[in-house]
$ cat coords-v6.cif   # mmCIF, N, CA and C atoms and all ligand atoms
data_run
loop_
_atom_site.label_atom_id
_atom_site.label_comp_id
_atom_site.auth_asym_id
_atom_site.auth_seq_id
_atom_site.Cartn_x
_atom_site.Cartn_y
_atom_site.Cartn_z
N MET A 16 0.86 -1.21 0.00
CA MET A 16 0.00 0.00 0.00
C MET A 16 0.89 1.25 0.00
N SER A 17 0.57 2.19 -0.86
CA SER A 17 1.36 3.43 -0.91
C SER A 17 1.08 4.26 0.33
N LYS A 18 1.96 5.20 0.57
CA LYS A 18 1.77 6.09 1.71
C LYS A 18 0.42 6.83 1.59
N HIS A 19 0.11 7.22 0.37
CA HIS A 19 -1.12 7.97 0.16
C HIS A 19 -2.35 7.13 0.49
N GLU A 20 -2.37 5.89 0.00
CA GLU A 20 -3.50 5.01 0.27
C GLU A 20 -3.63 4.75 1.77
N ASP A 21 -2.48 4.61 2.41
CA ASP A 21 -2.46 4.37 3.84
C ASP A 21 -3.10 5.55 4.58
N ASP A 22 -2.77 6.74 4.18
CA ASP A 22 -3.35 7.94 4.80
C ASP A 22 -4.87 7.93 4.63
N LEU A 23 -5.32 7.56 3.44
CA LEU A 23 -6.76 7.58 3.18
C LEU A 23 -7.48 6.54 4.02
N SER A 24 -6.92 5.33 4.10
CA SER A 24 -7.62 4.27 4.82
C SER A 24 -7.65 4.54 6.32
N ASN A 25 -6.72 5.35 6.80
CA ASN A 25 -6.71 5.67 8.22
C ASN A 25 -7.40 7.00 8.53
N ALA A 26 -7.93 7.65 7.51
CA ALA A 26 -8.56 8.95 7.72
C ALA A 26 -9.75 8.82 8.66
N ALA A 27 -9.96 9.84 9.46
CA ALA A 27 -11.08 9.82 10.41
C ALA A 27 -12.40 9.81 9.65
N ILE A 28 -13.28 8.93 10.07
CA ILE A 28 -14.64 8.90 9.52
C ILE A 28 -15.51 9.81 10.35
N THR A 29 -16.18 10.73 9.69
CA THR A 29 -17.12 11.60 10.40
C THR A 29 -18.51 11.42 9.79
N TRP A 30 -19.50 11.98 10.50
CA TRP A 30 -20.86 11.99 9.96
C TRP A 30 -20.85 12.71 8.61
N THR A 31 -20.25 13.88 8.57
CA THR A 31 -20.33 14.72 7.38
C THR A 31 -19.53 14.14 6.21
N ASN A 32 -18.36 13.57 6.48
CA ASN A 32 -17.54 13.13 5.34
C ASN A 32 -17.89 11.72 4.87
N THR A 33 -18.65 10.97 5.64
CA THR A 33 -18.93 9.58 5.26
C THR A 33 -20.32 9.08 5.64
N MET A 34 -20.66 9.14 6.93
CA MET A 34 -21.82 8.37 7.40
C MET A 34 -23.16 8.92 6.93
N GLN A 35 -23.25 10.21 6.73
CA GLN A 35 -24.51 10.77 6.25
C GLN A 35 -24.89 10.14 4.90
N ALA A 36 -23.91 10.01 4.02
CA ALA A 36 -24.17 9.41 2.71
C ALA A 36 -24.43 7.90 2.84
N VAL A 37 -23.74 7.25 3.77
CA VAL A 37 -23.93 5.80 3.96
C VAL A 37 -25.36 5.50 4.41
N PHE A 38 -25.91 6.34 5.30
CA PHE A 38 -27.26 6.10 5.83
C PHE A 38 -28.37 6.60 4.92
N GLN A 39 -28.03 7.45 3.98
CA GLN A 39 -29.05 8.11 3.16
C GLN A 39 -30.08 7.17 2.51
N PRO A 40 -29.66 6.02 1.95
CA PRO A 40 -30.64 5.17 1.25
C PRO A 40 -31.76 4.63 2.15
N TYR A 41 -31.57 4.65 3.46
CA TYR A 41 -32.51 4.01 4.39
C TYR A 41 -33.36 5.03 5.16
N ALA A 42 -33.07 6.31 4.95
CA ALA A 42 -33.70 7.35 5.79
C ALA A 42 -35.22 7.39 5.60
N GLN A 43 -35.68 7.35 4.35
CA GLN A 43 -37.11 7.45 4.08
C GLN A 43 -37.87 6.27 4.68
N CYS A 44 -37.33 5.08 4.47
CA CYS A 44 -37.93 3.86 5.00
C CYS A 44 -38.08 3.94 6.51
N MET A 45 -37.02 4.38 7.17
CA MET A 45 -37.02 4.41 8.63
C MET A 45 -37.91 5.52 9.19
N LEU A 46 -38.00 6.63 8.48
CA LEU A 46 -38.92 7.68 8.92
C LEU A 46 -40.34 7.13 8.95
N GLN A 47 -40.69 6.43 7.88
CA GLN A 47 -42.04 5.84 7.78
C GLN A 47 -42.25 4.75 8.82
N ALA A 48 -41.23 3.89 8.96
CA ALA A 48 -41.36 2.73 9.86
C ALA A 48 -41.52 3.17 11.32
N THR A 49 -40.88 4.27 11.68
CA THR A 49 -40.89 4.70 13.09
C THR A 49 -41.80 5.91 13.32
N GLY A 50 -42.57 6.29 12.33
CA GLY A 50 -43.44 7.45 12.50
C GLY A 50 -42.66 8.71 12.82
N GLY A 51 -41.45 8.80 12.26
CA GLY A 51 -40.63 10.00 12.45
C GLY A 51 -39.70 9.95 13.64
N ALA A 52 -39.72 8.84 14.39
CA ALA A 52 -38.91 8.77 15.62
C ALA A 52 -37.42 8.62 15.34
N ILE A 53 -37.05 8.02 14.19
CA ILE A 53 -35.64 7.90 13.84
C ILE A 53 -35.43 8.43 12.42
N ASP A 54 -34.60 9.47 12.34
CA ASP A 54 -34.29 10.12 11.07
C ASP A 54 -32.82 9.90 10.75
N LEU A 55 -32.55 8.92 9.88
CA LEU A 55 -31.18 8.55 9.56
C LEU A 55 -30.49 9.59 8.67
N SER A 56 -31.21 10.64 8.27
CA SER A 56 -30.58 11.69 7.46
C SER A 56 -29.99 12.80 8.31
N GLN A 57 -30.23 12.72 9.64
CA GLN A 57 -29.77 13.79 10.54
C GLN A 57 -28.79 13.26 11.58
N TYR A 58 -27.77 14.04 11.91
CA TYR A 58 -26.84 13.64 12.97
C TYR A 58 -27.51 13.72 14.33
N SER A 59 -28.12 14.90 14.59
CA SER A 59 -28.79 15.12 15.87
C SER A 59 -29.88 16.15 15.65
N THR A 60 -30.99 16.00 16.34
CA THR A 60 -32.09 16.96 16.21
C THR A 60 -32.56 17.38 17.60
N GLY A 61 -33.21 18.51 17.66
CA GLY A 61 -33.77 18.98 18.92
C GLY A 61 -34.77 18.00 19.51
N ALA A 62 -35.45 17.27 18.62
CA ALA A 62 -36.46 16.31 19.05
C ALA A 62 -35.85 14.95 19.43
N GLY A 63 -34.53 14.82 19.25
CA GLY A 63 -33.88 13.56 19.62
C GLY A 63 -34.10 12.44 18.62
N THR A 64 -34.30 12.80 17.35
CA THR A 64 -34.60 11.79 16.33
C THR A 64 -33.41 11.44 15.44
N GLY A 65 -32.26 12.07 15.67
CA GLY A 65 -31.10 11.84 14.81
C GLY A 65 -30.35 10.55 15.14
N VAL A 66 -29.33 10.27 14.33
CA VAL A 66 -28.53 9.05 14.52
C VAL A 66 -27.76 9.10 15.84
N ALA A 67 -27.09 10.23 16.11
CA ALA A 67 -26.33 10.33 17.36
C ALA A 67 -27.27 10.24 18.57
N ASP A 68 -28.48 10.74 18.41
CA ASP A 68 -29.46 10.73 19.51
C ASP A 68 -29.92 9.32 19.86
N ASN A 69 -29.80 8.40 18.90
CA ASN A 69 -30.32 7.03 19.06
C ASN A 69 -29.22 5.99 18.82
N ILE A 70 -27.99 6.39 19.13
CA ILE A 70 -26.83 5.58 18.72
C ILE A 70 -26.84 4.18 19.33
N GLY A 71 -27.30 4.05 20.58
CA GLY A 71 -27.28 2.74 21.23
C GLY A 71 -28.20 1.75 20.54
N SER A 72 -29.41 2.17 20.28
CA SER A 72 -30.38 1.30 19.61
C SER A 72 -29.95 1.01 18.18
N ILE A 73 -29.43 2.03 17.50
CA ILE A 73 -28.98 1.84 16.12
C ILE A 73 -27.84 0.84 16.08
N ARG A 74 -26.90 0.96 17.00
CA ARG A 74 -25.76 0.03 17.04
C ARG A 74 -26.25 -1.41 17.27
N GLN A 75 -27.18 -1.57 18.19
CA GLN A 75 -27.70 -2.92 18.48
C GLN A 75 -28.35 -3.54 17.26
N HIS A 76 -29.13 -2.75 16.55
CA HIS A 76 -29.82 -3.28 15.37
C HIS A 76 -28.84 -3.61 14.25
N ILE A 77 -27.77 -2.83 14.12
CA ILE A 77 -26.76 -3.12 13.10
C ILE A 77 -25.96 -4.36 13.51
N ASP A 78 -25.58 -4.43 14.77
CA ASP A 78 -24.81 -5.58 15.27
C ASP A 78 -25.56 -6.89 15.09
N SER A 79 -26.85 -6.87 15.40
CA SER A 79 -27.64 -8.10 15.33
C SER A 79 -27.92 -8.49 13.89
N GLY A 80 -27.76 -7.52 12.97
CA GLY A 80 -28.06 -7.79 11.57
C GLY A 80 -29.53 -7.59 11.23
N SER A 81 -30.33 -7.13 12.22
CA SER A 81 -31.75 -6.94 11.95
C SER A 81 -32.01 -5.71 11.08
N MET A 82 -31.05 -4.77 11.08
CA MET A 82 -31.15 -3.58 10.23
C MET A 82 -29.87 -3.42 9.43
N PRO A 83 -29.94 -2.96 8.19
CA PRO A 83 -31.18 -2.67 7.47
C PRO A 83 -31.93 -3.95 7.08
N MET A 84 -33.24 -3.83 6.98
CA MET A 84 -34.07 -4.94 6.50
C MET A 84 -34.51 -4.65 5.07
N ASN A 85 -34.85 -5.70 4.35
CA ASN A 85 -35.36 -5.52 2.99
C ASN A 85 -36.84 -5.19 3.04
N SER A 86 -37.28 -4.39 2.08
CA SER A 86 -38.68 -3.97 2.07
C SER A 86 -39.07 -3.44 0.70
N GLY A 87 -40.30 -3.67 0.34
CA GLY A 87 -40.84 -3.12 -0.90
C GLY A 87 -40.08 -3.56 -2.14
N GLY A 88 -39.51 -4.77 -2.07
CA GLY A 88 -38.77 -5.28 -3.23
C GLY A 88 -37.38 -4.70 -3.37
N VAL A 89 -36.96 -3.87 -2.40
CA VAL A 89 -35.61 -3.29 -2.46
C VAL A 89 -34.69 -4.09 -1.54
N ASP A 90 -33.54 -4.50 -2.09
CA ASP A 90 -32.57 -5.28 -1.32
C ASP A 90 -31.64 -4.33 -0.56
N TYR A 91 -32.17 -3.77 0.54
CA TYR A 91 -31.39 -2.82 1.33
C TYR A 91 -30.16 -3.48 1.95
N LYS A 92 -30.27 -4.77 2.25
CA LYS A 92 -29.12 -5.47 2.83
C LYS A 92 -27.95 -5.53 1.85
N ALA A 93 -28.28 -5.68 0.57
CA ALA A 93 -27.23 -5.73 -0.46
C ALA A 93 -26.59 -4.35 -0.64
N ILE A 94 -27.40 -3.30 -0.57
CA ILE A 94 -26.88 -1.94 -0.69
C ILE A 94 -25.91 -1.66 0.47
N TRP A 95 -26.33 -2.07 1.66
CA TRP A 95 -25.53 -1.90 2.88
C TRP A 95 -24.20 -2.66 2.76
N ALA A 96 -24.26 -3.90 2.28
CA ALA A 96 -23.05 -4.71 2.15
C ALA A 96 -22.11 -4.10 1.11
N LYS A 97 -22.66 -3.66 -0.01
CA LYS A 97 -21.83 -3.10 -1.07
C LYS A 97 -21.15 -1.80 -0.62
N ALA A 98 -21.85 -1.03 0.21
CA ALA A 98 -21.30 0.23 0.72
C ALA A 98 -20.36 0.01 1.91
N ASN A 99 -20.19 -1.27 2.30
CA ASN A 99 -19.34 -1.59 3.45
C ASN A 99 -19.87 -0.92 4.73
N GLY A 100 -21.21 -0.86 4.84
CA GLY A 100 -21.84 -0.12 5.92
C GLY A 100 -21.44 -0.54 7.32
N LYS A 101 -21.40 -1.86 7.57
CA LYS A 101 -21.10 -2.36 8.92
C LYS A 101 -19.69 -1.93 9.37
N ALA A 102 -18.70 -2.14 8.50
CA ALA A 102 -17.32 -1.81 8.86
C ALA A 102 -17.15 -0.30 9.06
N LEU A 103 -17.78 0.48 8.17
CA LEU A 103 -17.68 1.94 8.32
C LEU A 103 -18.36 2.39 9.60
N PHE A 104 -19.55 1.84 9.89
CA PHE A 104 -20.24 2.21 11.12
C PHE A 104 -19.39 1.85 12.34
N ASP A 105 -18.81 0.66 12.34
CA ASP A 105 -18.00 0.22 13.50
C ASP A 105 -16.81 1.14 13.73
N ARG A 106 -16.13 1.54 12.67
CA ARG A 106 -14.98 2.46 12.81
C ARG A 106 -15.44 3.80 13.33
N TRP A 107 -16.56 4.29 12.80
CA TRP A 107 -17.09 5.59 13.20
C TRP A 107 -17.52 5.55 14.68
N TYR A 108 -18.20 4.48 15.05
CA TYR A 108 -18.66 4.33 16.44
C TYR A 108 -17.48 4.26 17.40
N ALA A 109 -16.46 3.47 17.02
CA ALA A 109 -15.29 3.30 17.90
C ALA A 109 -14.55 4.63 18.10
N ALA A 110 -14.64 5.52 17.12
CA ALA A 110 -13.99 6.82 17.22
C ALA A 110 -14.84 7.84 17.99
N GLY A 111 -16.00 7.39 18.48
CA GLY A 111 -16.86 8.30 19.23
C GLY A 111 -17.91 8.98 18.37
N TYR A 112 -18.20 8.37 17.23
CA TYR A 112 -19.16 8.87 16.22
C TYR A 112 -19.15 10.40 16.07
N PRO A 113 -17.99 10.93 15.64
CA PRO A 113 -17.86 12.38 15.48
C PRO A 113 -18.74 12.95 14.36
N GLN A 114 -19.19 14.16 14.58
CA GLN A 114 -20.00 14.84 13.57
C GLN A 114 -19.11 15.36 12.42
C1 LIG B 1 -28.71 0.96 8.27
C2 LIG B 1 -30.01 1.20 8.11
C3 LIG B 1 -31.01 1.09 9.22
C4 LIG B 1 -30.84 1.31 10.57
C5 LIG B 1 -29.57 1.75 11.29
C6 LIG B 1 -32.10 1.04 11.21
C7 LIG B 1 -32.33 1.15 12.57
C8 LIG B 1 -33.50 0.80 13.21
C9 LIG B 1 -33.75 0.89 14.63
C10 LIG B 1 -32.75 1.43 15.65
C11 LIG B 1 -35.00 0.44 14.87
C12 LIG B 1 -35.72 0.38 16.21
C13 LIG B 1 -36.66 1.54 16.32
C14 LIG B 1 -37.31 1.66 17.68
O1 LIG B 1 -36.90 1.00 18.62
O2 LIG B 1 -38.23 2.49 17.77
C15 LIG B 1 -35.57 0.08 13.59
C16 LIG B 1 -36.85 -0.42 13.41
C17 LIG B 1 -37.44 -0.64 12.20
N1 LIG B 1 -36.86 -0.45 10.95
FE1 LIG B 1 -34.95 0.12 10.60
N2 LIG B 1 -33.02 0.70 10.25
C18 LIG B 1 -32.40 0.72 9.03
C19 LIG B 1 -32.99 0.45 7.81
C20 LIG B 1 -34.31 0.16 7.61
C21 LIG B 1 -34.94 -0.02 6.31
C22 LIG B 1 -34.24 0.10 4.96
C23 LIG B 1 -36.23 -0.31 6.52
C24 LIG B 1 -37.22 -0.53 5.41
C25 LIG B 1 -38.52 -0.66 5.61
C26 LIG B 1 -36.44 -0.35 7.97
C27 LIG B 1 -37.62 -0.65 8.62
C28 LIG B 1 -37.79 -0.75 9.99
C29 LIG B 1 -39.01 -1.21 10.63
C30 LIG B 1 -40.27 -1.67 9.92
C31 LIG B 1 -38.79 -1.13 12.01
C32 LIG B 1 -39.78 -1.44 13.14
C33 LIG B 1 -39.95 -2.91 13.34
C34 LIG B 1 -38.73 -3.56 13.88
O3 LIG B 1 -38.14 -3.08 14.88
O4 LIG B 1 -38.33 -4.60 13.33
N3 LIG B 1 -35.24 -0.02 8.58
N4 LIG B 1 -34.64 0.29 12.61
#

$ encode --input "coords-v6.cif" --output "structure tokens" --more "lines below"
Ligand code: HEM
Amino acid sequence: MSKHEDDLSNAAITWTNTMQAVFQPYAQCMLQATGGAIDLSQYSTGAGTGVADNIGSIRQHIDSGSMPMNSGGVDYKAIWAKANGKALFDRWYAAGYPQ
């Protein structure tokens, strides 16, 4: 691995530079599923509906593999796997899920 690639792979993952886009495909589904209680398009909200606001529950659902779930003929699990969602989330979480 070149020095440059090494720098990139070790770069800090933040909500803004990575995770917001990773969660984007599931935001609409989850808004509907939870009646607005979890908004995966937001880091944090005054109403407590953002990802950082619900990090414990979100982590548990990702760890167990129960989320993302497939729905409406869309293979959300495949989108998540292709985007390397689990590994990116784990790195972000371990770093203290910075904004
Ligand atoms: C990485 C993506 C996703 C994450 C992190 C996630 C996270 C969560 C969490 C934390 C809950 C529990 C909510 C609560 O306790 O009130 C939940 C429930 C739920 N989610 Fe997701 N979700 C994701 C993707 C999706 C997608 C794509 C759908 C498509 C329909 C979906 C449908 C649901 C439904 C129906 C529930 C309620 C029923 C249940 O708990 O099994 N989610 N999700």

$ closest_residue --input "coords-v6.cif" --among "A:Tyr112, A:Lys101, A:Gly63, A:Gln57" --to "Asp78 (chain A)" --atoms "all atoms listed in the file"
A:Lys101

$ closest_residue --input "coords-v6.cif" --among "A:Ala26, A:Ile53, A:Met34, A:Ala48" --to "Asp105 (chain A)" --atoms "only C-alpha atoms"
A:Met34

$ closest_residue --input "coords-v6.cif" --among "A:Asn69, A:Lys92, A:Tyr58, A:Arg74" --to "Thr29 (chain A)" --atoms "only C-alpha atoms"
A:Tyr58

$ residues_around --input "coords-v6.cif" --residues "Val37 (chain A)" --least-positions-apart "6" --cutoff "9 Å" --atoms "only C-alpha atoms" --output "list in words"
Trp95, Ala98, Asn99, Gly100, Leu103 and Phe104 of chain A

$ closest_atom_pairs --input "coords-v6.cif" --of "chain A" --to "ligand LIG 1 (chain B)" --cutoff "7 Å" --atoms "only N, CA and C atoms and all ligand atoms" --output "tab-separated table"
residue	atom	partner	partner_atom	distance
A:Val37	C	B:LIG1	C1	6.8
A:Phe38	CA	B:LIG1	C1	5.9
A:Pro40	C	B:LIG1	C22	5.9
A:Tyr41	CA	B:LIG1	C22	4.3
A:Ala42	N	B:LIG1	C22	6.3
A:Gln43	C	B:LIG1	C24	6.9
A:Cys44	CA	B:LIG1	C24	4.5
A:Met45	CA	B:LIG1	N3	4.8
A:Gln47	C	B:LIG1	C30	6.8
A:Ala48	CA	B:LIG1	C30	4.5
A:Thr49	N	B:LIG1	C31	5.8
A:Ala52	C	B:LIG1	O2	6.6
A:Ile53	N	B:LIG1	O2	6.7
A:Asn69	C	B:LIG1	C10	6.6
A:Gly71	C	B:LIG1	C10	6.7
A:Ser72	C	B:LIG1	C10	3.8
A:Ile73	CA	B:LIG1	C10	3.8
A:Arg74	N	B:LIG1	C10	6.0
A:Gln75	N	B:LIG1	C10	6.8
A:His76	CA	B:LIG1	C10	5.6
A:Ile77	N	B:LIG1	C5	5.7
A:Ser81	C	B:LIG1	N2	6.5
A:Met82	CA	B:LIG1	C18	4.6
A:Pro83	CA	B:LIG1	C19	3.6
A:Met84	N	B:LIG1	C20	4.2
A:Asn85	C	B:LIG1	C24	5.2
A:Ser86	CA	B:LIG1	C25	4.8
A:Gly87	N	B:LIG1	C25	6.3
A:Tyr91	CA	B:LIG1	C22	5.5
A:Lys92	N	B:LIG1	C22	6.8
A:Trp95	CA	B:LIG1	C1	6.9
